[in-house]
Amino acid sequence: MSWLVLVVSGVFEAVWATALGKSEGFSKLGPTAVFAVALAVSMAGLAYAMRGLPVGTAYAVWVGIGAVLTVVYSMATGGMPVSAVKLLFLGGIVACVIGLKLVG
C-alpha cells in the first residue's frame, strides 16, 4: 500500500509544481488553489508512505515521479521543446526509480 500511495503522491507533486508555475506568483486564484490542494495531498501521501518505506527511497521516488511527469507535461503542451537527449535523461530517471523499487 505504501508504494501505491507514494506513486499517487508523486503524481500530485507534478500537479502542484505545474500549478505553481501557472499561478504567476500566486496572482491567479485557480492555479493557486490547485497548488495548495495538490501540495497538501502530495505531502500527506509522502508522509504516509514513509511509514513503511525508507525515507531516502521514498523521497527519491516521489521526486523522480514528480520531476518526470512535470517535464513530460511541459513537453506535451509545448512549454518545453522535445529532444532525444531530454527523453534519454527522463528514461534514466524512470530506470532509477524502478531500480529503487526493486532493491528497496
# chains A, B, ... in the order shown; residues from 1 in each chain; ligands from 1
call {"tool": "select_by_dssp", "arguments": {"residues": "chain A", "states": "alpha helix (DSSP H)", "output": "ChimeraX atom specification"}}
result
/A:2-22,29-49,55-76,84-103
call {"tool": "residues_around", "arguments": {"residues": "Cys96 of chain A", "least_positions_apart": "6", "cutoff": "12 Å", "atoms": "only C-alpha atoms", "output": "ChimeraX atom specification"}}
result
/A:57,60-65,68,89-90,102-104
call {"tool": "write_last_selection", "arguments": {"atoms": "N, CA and C atoms", "output": "tab-separated table (two decimals), in the first residue's frame"}}
result
chain	number	residue	atom	x	y	z
A	57	THR	N	14.61	6.35	0.02
A	57	THR	CA	13.97	5.72	-1.14
A	57	THR	C	12.66	6.40	-1.46
A	60	ALA	N	13.27	9.92	-2.94
A	60	ALA	CA	13.84	9.87	-4.30
A	60	ALA	C	12.80	9.45	-5.32
A	61	VAL	N	11.99	8.46	-4.98
A	61	VAL	CA	10.95	8.01	-5.90
A	61	VAL	C	9.91	9.10	-6.10
A	62	TRP	N	9.49	9.75	-5.03
A	62	TRP	CA	8.49	10.82	-5.09
A	62	TRP	C	8.98	11.96	-5.98
A	63	VAL	N	10.20	12.39	-5.76
A	63	VAL	CA	10.77	13.48	-6.57
A	63	VAL	C	10.92	13.05	-8.02
A	64	GLY	N	11.38	11.82	-8.23
A	64	GLY	CA	11.57	11.33	-9.60
A	64	GLY	C	10.27	11.30	-10.38
A	65	ILE	N	9.23	10.78	-9.77
A	65	ILE	CA	7.92	10.74	-10.43
A	65	ILE	C	7.44	12.15	-10.74
A	68	VAL	N	9.68	13.83	-13.58
A	68	VAL	CA	9.43	13.27	-14.92
A	68	VAL	C	8.07	13.70	-15.45
A	89	PHE	N	17.48	11.22	-20.79
A	89	PHE	CA	17.67	11.51	-19.37
A	89	PHE	C	16.41	11.23	-18.54
A	90	LEU	N	15.24	11.53	-19.10
A	90	LEU	CA	13.99	11.18	-18.42
A	90	LEU	C	13.88	9.66	-18.24
A	102	LEU	N	12.87	-1.95	-6.93
A	102	LEU	CA	13.28	-3.34	-6.95
A	102	LEU	C	14.22	-3.73	-5.81
A	103	VAL	N	15.07	-2.80	-5.41
A	103	VAL	CA	16.03	-3.14	-4.34
A	103	VAL	C	15.55	-2.73	-2.96
A	104	GLY	N	14.51	-1.92	-2.87
A	104	GLY	CA	14.11	-1.45	-1.57
A	104	GLY	C	12.70	-1.66	-1.27
call {"tool": "closest_residue", "arguments": {"among": "A:Leu46, A:Val72, A:Ala67, A:Ala84", "to": "Ser2 of chain A", "atoms": "only C-alpha atoms"}}
result
A:Leu46
call {"tool": "atom_distance", "arguments": {"atom1": "atom CA of Ser74 of chain A", "atom2": "atom CA of Glu13 of chain A"}}
result
14.1 Å
call {"tool": "atom_distance", "arguments": {"atom1": "atom CA of Ala76 of chain A", "atom2": "atom CA of Lys28 of chain A"}}
result
22.6 Å
call {"tool": "closest_residue", "arguments": {"among": "A:Leu29, A:Leu53, A:Ala19, A:Val8", "to": "Val41 of chain A", "atoms": "only C-alpha atoms"}}
result
A:Val8
call {"tool": "decode", "arguments": {"residues": "segment 48-68 of chain A", "atoms": "N, CA, C and O atoms", "output": "mmCIF file, in the first residue's frame"}}
result
data_model
loop_
_atom_site.group_PDB
_atom_site.id
_atom_site.type_symbol
_atom_site.label_atom_id
_atom_site.label_comp_id
_atom_site.auth_asym_id
_atom_site.auth_seq_id
_atom_site.Cartn_x
_atom_site.Cartn_y
_atom_site.Cartn_z
ATOM 1 N N TYR A 48 2.648 9.483 4.682
ATOM 2 C CA TYR A 48 2.071 8.153 4.925
ATOM 3 C C TYR A 48 3.000 7.067 4.380
ATOM 4 O O TYR A 48 3.253 6.055 5.052
ATOM 5 N N ALA A 49 3.476 7.240 3.158
ATOM 6 C CA ALA A 49 4.333 6.229 2.527
ATOM 7 C C ALA A 49 5.626 6.028 3.308
ATOM 8 O O ALA A 49 6.151 4.910 3.374
ATOM 9 N N MET A 50 6.128 7.095 3.913
ATOM 10 C CA MET A 50 7.382 6.991 4.665
ATOM 11 C C MET A 50 7.236 6.173 5.946
ATOM 12 O O MET A 50 8.239 5.792 6.543
ATOM 13 N N ARG A 51 6.017 5.875 6.342
ATOM 14 C CA ARG A 51 5.825 4.982 7.496
ATOM 15 C C ARG A 51 6.306 3.572 7.178
ATOM 16 O O ARG A 51 6.763 2.858 8.060
ATOM 17 N N GLY A 52 6.161 3.168 5.913
ATOM 18 C CA GLY A 52 6.500 1.801 5.535
ATOM 19 C C GLY A 52 7.684 1.673 4.606
ATOM 20 O O GLY A 52 8.052 0.563 4.229
ATOM 21 N N LEU A 53 8.268 2.802 4.205
ATOM 22 C CA LEU A 53 9.399 2.780 3.279
ATOM 23 C C LEU A 53 10.554 3.593 3.860
ATOM 24 O O LEU A 53 10.320 4.541 4.610
ATOM 25 N N PRO A 54 11.777 3.254 3.475
ATOM 26 C CA PRO A 54 12.904 4.075 3.917
ATOM 27 C C PRO A 54 12.757 5.508 3.400
ATOM 28 O O PRO A 54 12.317 5.732 2.262
ATOM 29 N N VAL A 55 13.129 6.465 4.229
ATOM 30 C CA VAL A 55 12.959 7.881 3.884
ATOM 31 C C VAL A 55 13.662 8.225 2.575
ATOM 32 O O VAL A 55 13.084 8.864 1.695
ATOM 33 N N GLY A 56 14.907 7.821 2.434
ATOM 34 C CA GLY A 56 15.669 8.160 1.227
ATOM 35 C C GLY A 56 15.045 7.598 -0.030
ATOM 36 O O GLY A 56 14.942 8.276 -1.058
ATOM 37 N N THR A 57 14.611 6.349 0.025
ATOM 38 C CA THR A 57 13.971 5.716 -1.136
ATOM 39 C C THR A 57 12.660 6.403 -1.463
ATOM 40 O O THR A 57 12.389 6.736 -2.618
ATOM 41 N N ALA A 58 11.831 6.614 -0.445
ATOM 42 C CA ALA A 58 10.533 7.246 -0.669
ATOM 43 C C ALA A 58 10.688 8.635 -1.276
ATOM 44 O O ALA A 58 10.001 8.976 -2.239
ATOM 45 N N TYR A 59 11.591 9.421 -0.726
ATOM 46 C CA TYR A 59 11.768 10.779 -1.227
ATOM 47 C C TYR A 59 12.297 10.775 -2.660
ATOM 48 O O TYR A 59 11.815 11.527 -3.508
ATOM 49 N N ALA A 60 13.273 9.924 -2.943
ATOM 50 C CA ALA A 60 13.844 9.872 -4.295
ATOM 51 C C ALA A 60 12.799 9.447 -5.323
ATOM 52 O O ALA A 60 12.725 10.021 -6.422
ATOM 53 N N VAL A 61 11.991 8.464 -4.984
ATOM 54 C CA VAL A 61 10.948 8.008 -5.902
ATOM 55 C C VAL A 61 9.906 9.100 -6.102
ATOM 56 O O VAL A 61 9.492 9.381 -7.232
ATOM 57 N N TRP A 62 9.489 9.750 -5.029
ATOM 58 C CA TRP A 62 8.493 10.825 -5.085
ATOM 59 C C TRP A 62 8.977 11.961 -5.978
ATOM 60 O O TRP A 62 8.254 12.430 -6.861
ATOM 61 N N VAL A 63 10.202 12.394 -5.757
ATOM 62 C CA VAL A 63 10.772 13.480 -6.566
ATOM 63 C C VAL A 63 10.921 13.046 -8.017
ATOM 64 O O VAL A 63 10.616 13.812 -8.940
ATOM 65 N N GLY A 64 11.380 11.816 -8.233
ATOM 66 C CA GLY A 64 11.566 11.326 -9.597
ATOM 67 C C GLY A 64 10.273 11.304 -10.381
ATOM 68 O O GLY A 64 10.207 11.761 -11.526
ATOM 69 N N ILE A 65 9.225 10.778 -9.769
ATOM 70 C CA ILE A 65 7.916 10.738 -10.434
ATOM 71 C C ILE A 65 7.436 12.151 -10.735
ATOM 72 O O ILE A 65 6.999 12.449 -11.852
ATOM 73 N N GLY A 66 7.517 13.017 -9.758
ATOM 74 C CA GLY A 66 7.067 14.398 -9.952
ATOM 75 C C GLY A 66 7.851 15.126 -11.027
ATOM 76 O O GLY A 66 7.283 15.822 -11.877
ATOM 77 N N ALA A 67 9.159 14.949 -11.017
ATOM 78 C CA ALA A 67 10.008 15.635 -12.000
ATOM 79 C C ALA A 67 9.727 15.138 -13.413
ATOM 80 O O ALA A 67 9.569 15.942 -14.347
ATOM 81 N N VAL A 68 9.675 13.830 -13.583
ATOM 82 C CA VAL A 68 9.435 13.275 -14.918
ATOM 83 C C VAL A 68 8.071 13.704 -15.449
ATOM 84 O O VAL A 68 7.959 14.167 -16.588
#
